[in-house]
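Okay, structure first, notes after.
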Amino acid sequence: MADGDKKRVLVIDDASLVRLYYRDALERGGFQVDEALNGLEAFEKLTMDSPDLLVVDVNMPRMDGMTFLRLLRRQAGPIGSTPALVTSTEAGVQDMAAARAAGANFYLTKPVAQDTLALYAAMLCGIPA
Amino acid sequence: MTEEEFQRLCDFLYRRTGMLFGEAKRYYVERRITERMGATGATSFASYFARLRGDVRGEIEQFVNAFTVNETYFYREDHQLQCLTSDLLRERLKGKPRGEAVRIWSVPCSTGEEPYSIAIWLLENWPQVDSHDIEILGSDIDTGVLEAARAGVYGKRALMRLGPELIERYFEQIDDEHWRVLADLRGSVRFSPVNLVESAETRPNGRFDVIFCRNVLIYFDDASRRVAAENLYENLAPGGFICLGHSESMSRISPLFEVCRYADAIVYQRPLEAARG
């Protein structure tokens, strides 16, 4: 598939090993991947580009994932409705509810297997099997 | 170089680094001195030694750098990496408070092959890699190698144990002969200078879950080896593990550690609680 036809994912996570791990999973799944280190940097990226999916960590310095999502959903235009998949080590029902309230479309509890991430990313981007 | 000059130089090196070179290493020592004399333009041993003692233009650092052995490669002694993901991390995570980082120290790290290997190994073999904060620190007494480690550029020889798939996944090719570690992988490892026999330099690094300290204690004499072992002990969290080179044994150096035999490697552990007595 040519790069221009690929769905684009922005991975937002402060841990470089995790970004690398998710990037690898998504690139192998046929996505084009960009990265941001926290919510603030993600907003900077979103002013220049409009990805098809956001993969959002919760605990990050400068701007955490929940704050990022709440602010994102207030944005006018298509950017504000970009699908967001939250990844977190917290597995409680209340954590998932908080993510949903902030504007998440899906929630995966870490550890997230590479195949699982690619599969849910494909579903959220509406890529048929 | 006269016998006396050789001895003075070896004494100086020993006091600075804890590394002991005797008559058997005379050729090795002389080659490096000749190299440093050439580099500094010193015309006699006496003038070079004066420059060294006066640390003219940071010569001590250059001198120490010339004496360290820096040949290594990715995935060297990978049975210990296997042990890390099969046993050591699982042990360390028991009872570790949630959110507390997993800390791994590679010392000496030379030009970075070992700490980057640890990061790659974790990405490839530890399914929990995304659910813990992982800190990997690489340290070495040789500041020249640390710069190379941060740059993360390697030739074919260093990569010989990695298959083409791993090279493709974690490196970018910069020319026919060289590959650079991807930026995110470089960002996952921190580098700092350290002298293992100076507790003032080792202590600030804090406590680690696992320390890889391979093939350096063999260069020390008994006294420095004990000091280094005690410093390493202090840098381990209670219950933390240290991996040595395959020809090394901590039991012969220090009674502080317990031997742990796992399927893939023999490692040494700082006991969870110090024995009372």
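Each chain in the structure tokens gets a letter, A, B and so on, in the order shown; residues start at 1 in every chain, and ligands are counted from 1 in the order they appear.
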Using only C-alpha atoms, which residues sit within 7 Å of range 145-162 of chain B once same-chain residues fewer than 5 positions away are excluded, as number ranges by chain? B: 72-75, 110-112, 140, 167, 177-181, 186, 191
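For chain B, the residues having at least one atom no farther than 6 Å from chain A, when counting only C-alpha atoms, are Gln128, Asp130, Ser131, Asp184 and Ser188 of chain B.
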Quick one: DSSP strand (DSSP E or B) residues in chain A, as a PDB file with N, CA and C atoms, in the first residue's frame?
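Final output, result.pdb:
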ATOM      1  N   ARG A   8      -3.620   7.042   9.248  1.00  0.00           N
ATOM      2  CA  ARG A   8      -2.569   7.636  10.078  1.00  0.00           C
ATOM      3  C   ARG A   8      -2.955   7.624  11.557  1.00  0.00           C
ATOM      4  N   VAL A   9      -1.999   7.189  12.385  1.00  0.00           N
ATOM      5  CA  VAL A   9      -2.233   7.108  13.828  1.00  0.00           C
ATOM      6  C   VAL A   9      -1.233   8.005  14.544  1.00  0.00           C
ATOM      7  N   LEU A  10      -1.730   8.777  15.517  1.00  0.00           N
ATOM      8  CA  LEU A  10      -0.839   9.558  16.380  1.00  0.00           C
ATOM      9  C   LEU A  10      -0.772   8.851  17.734  1.00  0.00           C
ATOM     10  N   VAL A  11       0.426   8.374  18.095  1.00  0.00           N
ATOM     11  CA  VAL A  11       0.635   7.699  19.383  1.00  0.00           C
ATOM     12  C   VAL A  11       1.109   8.739  20.399  1.00  0.00           C
ATOM     13  N   ILE A  12       0.367   8.870  21.495  1.00  0.00           N
ATOM     14  CA  ILE A  12       0.698   9.882  22.501  1.00  0.00           C
ATOM     15  C   ILE A  12       1.075   9.159  23.799  1.00  0.00           C
ATOM     16  N   GLN A  32       0.368   4.365   9.107  1.00  0.00           N
ATOM     17  CA  GLN A  32       1.446   5.348   9.136  1.00  0.00           C
ATOM     18  C   GLN A  32       1.391   6.002  10.522  1.00  0.00           C
ATOM     19  N   VAL A  33       2.538   6.090  11.203  1.00  0.00           N
ATOM     20  CA  VAL A  33       2.511   6.475  12.613  1.00  0.00           C
ATOM     21  C   VAL A  33       3.305   7.758  12.887  1.00  0.00           C
ATOM     22  N   ASP A  34       2.704   8.629  13.683  1.00  0.00           N
ATOM     23  CA  ASP A  34       3.420   9.792  14.195  1.00  0.00           C
ATOM     24  C   ASP A  34       3.346   9.714  15.723  1.00  0.00           C
ATOM     25  N   GLU A  35       4.185  10.478  16.411  1.00  0.00           N
ATOM     26  CA  GLU A  35       4.260  10.356  17.865  1.00  0.00           C
ATOM     27  C   GLU A  35       4.208  11.716  18.540  1.00  0.00           C
ATOM     28  N   ALA A  36       3.674  11.723  19.762  1.00  0.00           N
ATOM     29  CA  ALA A  36       3.747  12.909  20.621  1.00  0.00           C
ATOM     30  C   ALA A  36       4.053  12.434  22.035  1.00  0.00           C
ATOM     31  N   LEU A  53      -6.640   8.269  13.791  1.00  0.00           N
ATOM     32  CA  LEU A  53      -6.834   7.663  15.109  1.00  0.00           C
ATOM     33  C   LEU A  53      -5.771   8.194  16.075  1.00  0.00           C
ATOM     34  N   LEU A  54      -6.190   8.345  17.348  1.00  0.00           N
ATOM     35  CA  LEU A  54      -5.247   8.718  18.404  1.00  0.00           C
ATOM     36  C   LEU A  54      -5.119   7.540  19.366  1.00  0.00           C
ATOM     37  N   VAL A  55      -3.887   7.189  19.726  1.00  0.00           N
ATOM     38  CA  VAL A  55      -3.663   6.198  20.784  1.00  0.00           C
ATOM     39  C   VAL A  55      -3.110   6.983  21.956  1.00  0.00           C
ATOM     40  N   VAL A  56      -3.868   7.017  23.066  1.00  0.00           N
ATOM     41  CA  VAL A  56      -3.578   7.977  24.132  1.00  0.00           C
ATOM     42  C   VAL A  56      -3.268   7.284  25.464  1.00  0.00           C
ATOM     43  N   ASP A  57      -2.085   7.537  26.001  1.00  0.00           N
ATOM     44  CA  ASP A  57      -1.721   7.066  27.338  1.00  0.00           C
ATOM     45  C   ASP A  57      -2.410   7.986  28.359  1.00  0.00           C
ATOM     46  N   ALA A  84     -10.405   8.060  19.473  1.00  0.00           N
ATOM     47  CA  ALA A  84      -9.294   7.947  20.424  1.00  0.00           C
ATOM     48  C   ALA A  84      -9.368   6.632  21.178  1.00  0.00           C
ATOM     49  N   LEU A  85      -8.244   5.911  21.151  1.00  0.00           N
ATOM     50  CA  LEU A  85      -8.119   4.655  21.891  1.00  0.00           C
ATOM     51  C   LEU A  85      -7.209   4.930  23.086  1.00  0.00           C
ATOM     52  N   VAL A  86      -7.739   4.728  24.287  1.00  0.00           N
ATOM     53  CA  VAL A  86      -6.939   4.990  25.495  1.00  0.00           C
ATOM     54  C   VAL A  86      -6.258   3.702  25.952  1.00  0.00           C
ATOM     55  N   THR A  87      -4.978   3.799  26.308  1.00  0.00           N
ATOM     56  CA  THR A  87      -4.269   2.658  26.894  1.00  0.00           C
ATOM     57  C   THR A  87      -3.843   3.042  28.300  1.00  0.00           C
ATOM     58  N   SER A  88      -4.070   2.131  29.255  1.00  0.00           N
ATOM     59  CA  SER A  88      -3.753   2.466  30.646  1.00  0.00           C
ATOM     60  C   SER A  88      -3.469   1.212  31.451  1.00  0.00           C
ATOM     61  N   PHE A 106     -12.460   3.958  22.881  1.00  0.00           N
ATOM     62  CA  PHE A 106     -12.170   2.592  23.286  1.00  0.00           C
ATOM     63  C   PHE A 106     -11.071   2.626  24.326  1.00  0.00           C
ATOM     64  N   TYR A 107     -10.973   1.520  25.110  1.00  0.00           N
ATOM     65  CA  TYR A 107     -10.054   1.500  26.247  1.00  0.00           C
ATOM     66  C   TYR A 107      -9.383   0.139  26.290  1.00  0.00           C
ATOM     67  N   LEU A 108      -8.062   0.128  26.301  1.00  0.00           N
ATOM     68  CA  LEU A 108      -7.327  -1.133  26.442  1.00  0.00           C
ATOM     69  C   LEU A 108      -6.447  -1.053  27.682  1.00  0.00           C
ATOM     70  N   THR A 109      -6.488  -2.126  28.477  1.00  0.00           N
ATOM     71  CA  THR A 109      -5.649  -2.160  29.684  1.00  0.00           C
ATOM     72  C   THR A 109      -4.275  -2.717  29.324  1.00  0.00           C
TER      73      THR A 109
END
May I have the residues within 10 Å of range 216-226 of chain B as a PyMOL selection string, using only C-alpha atoms and disregarding those fewer than 4 positions away in the same chain? chain B and resi 14-15+17-21+68-69+107-108+196-198+230-232+244-245+247-250+252-255
Figure out the distance between CA of Val194 in chain B and CA of Ala66 in chain B, please, to one decimal in Å.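 CA of Val194 in chain B lies 15.8 Å from CA of Ala66 in chain B.
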So that I can check the secondary structure, give me every residue of chain A assigned helix (DSSP H, G or I) by backbone DSSP, as number ranges by chain. A: 3-5, 16-28, 39-48, 65-73, 78-81, 93-102, 114-124
What is the CA of Met1 in chain B to CA of Phe45 in chain B distance in Å?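 Straight-line distance from CA of Met1 in chain B to CA of Phe45 in chain B works out to 7.0 Å.
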Skipping near chain neighbours, those fewer than 2 positions away, what residues fall within 12 Å of Gly22 in chain B using only C-alpha atoms, listed as a PyMOL selection string? chain B and resi 3+6-11+13-14+19-20+24-30+219-221
Save out the residues we just selected, C-alpha atoms, as a PDB file, in the first residue's frame.
ATOM      1  CA  GLU B   3      61.122  -0.138  35.172  1.00  0.00           C
ATOM      2  CA  PHE B   6      56.444   1.826  34.258  1.00  0.00           C
ATOM      3  CA  GLN B   7      55.739   1.287  37.954  1.00  0.00           C
ATOM      4  CA  ARG B   8      54.911   4.963  38.568  1.00  0.00           C
ATOM      5  CA  LEU B   9      52.502   4.947  35.689  1.00  0.00           C
ATOM      6  CA  CYS B  10      50.802   1.740  36.827  1.00  0.00           C
ATOM      7  CA  ASP B  11      50.467   3.177  40.349  1.00  0.00           C
ATOM      8  CA  LEU B  13      46.425   4.310  36.834  1.00  0.00           C
ATOM      9  CA  TYR B  14      45.572   2.122  39.796  1.00  0.00           C
ATOM     10  CA  MET B  19      42.634  -1.142  37.331  1.00  0.00           C
ATOM     11  CA  LEU B  20      45.835  -3.012  38.027  1.00  0.00           C
ATOM     12  CA  ALA B  24      52.506  -9.109  32.038  1.00  0.00           C
ATOM     13  CA  LYS B  25      50.560  -6.190  30.526  1.00  0.00           C
ATOM     14  CA  ARG B  26      53.652  -4.093  29.853  1.00  0.00           C
ATOM     15  CA  TYR B  27      53.264  -4.174  26.079  1.00  0.00           C
ATOM     16  CA  TYR B  28      49.604  -3.152  26.366  1.00  0.00           C
ATOM     17  CA  VAL B  29      50.483  -0.253  28.687  1.00  0.00           C
ATOM     18  CA  GLU B  30      53.441   0.931  26.599  1.00  0.00           C
ATOM     19  CA  TYR B 219      40.639  -5.754  35.495  1.00  0.00           C
ATOM     20  CA  PHE B 220      40.683  -4.804  39.184  1.00  0.00           C
ATOM     21  CA  ASP B 221      42.956  -6.114  41.915  1.00  0.00           C
TER      22      ASP B 221
END
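The coordinates place CA of Trp121 in chain B at 28.5 Å from CA of Asn65 in chain B.
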Neighbours of Gly239 in chain B within 8 Å (only C-alpha atoms; same-chain residues fewer than 5 positions away dropped), as a ChimeraX atom specification? /B:92,209,269-273
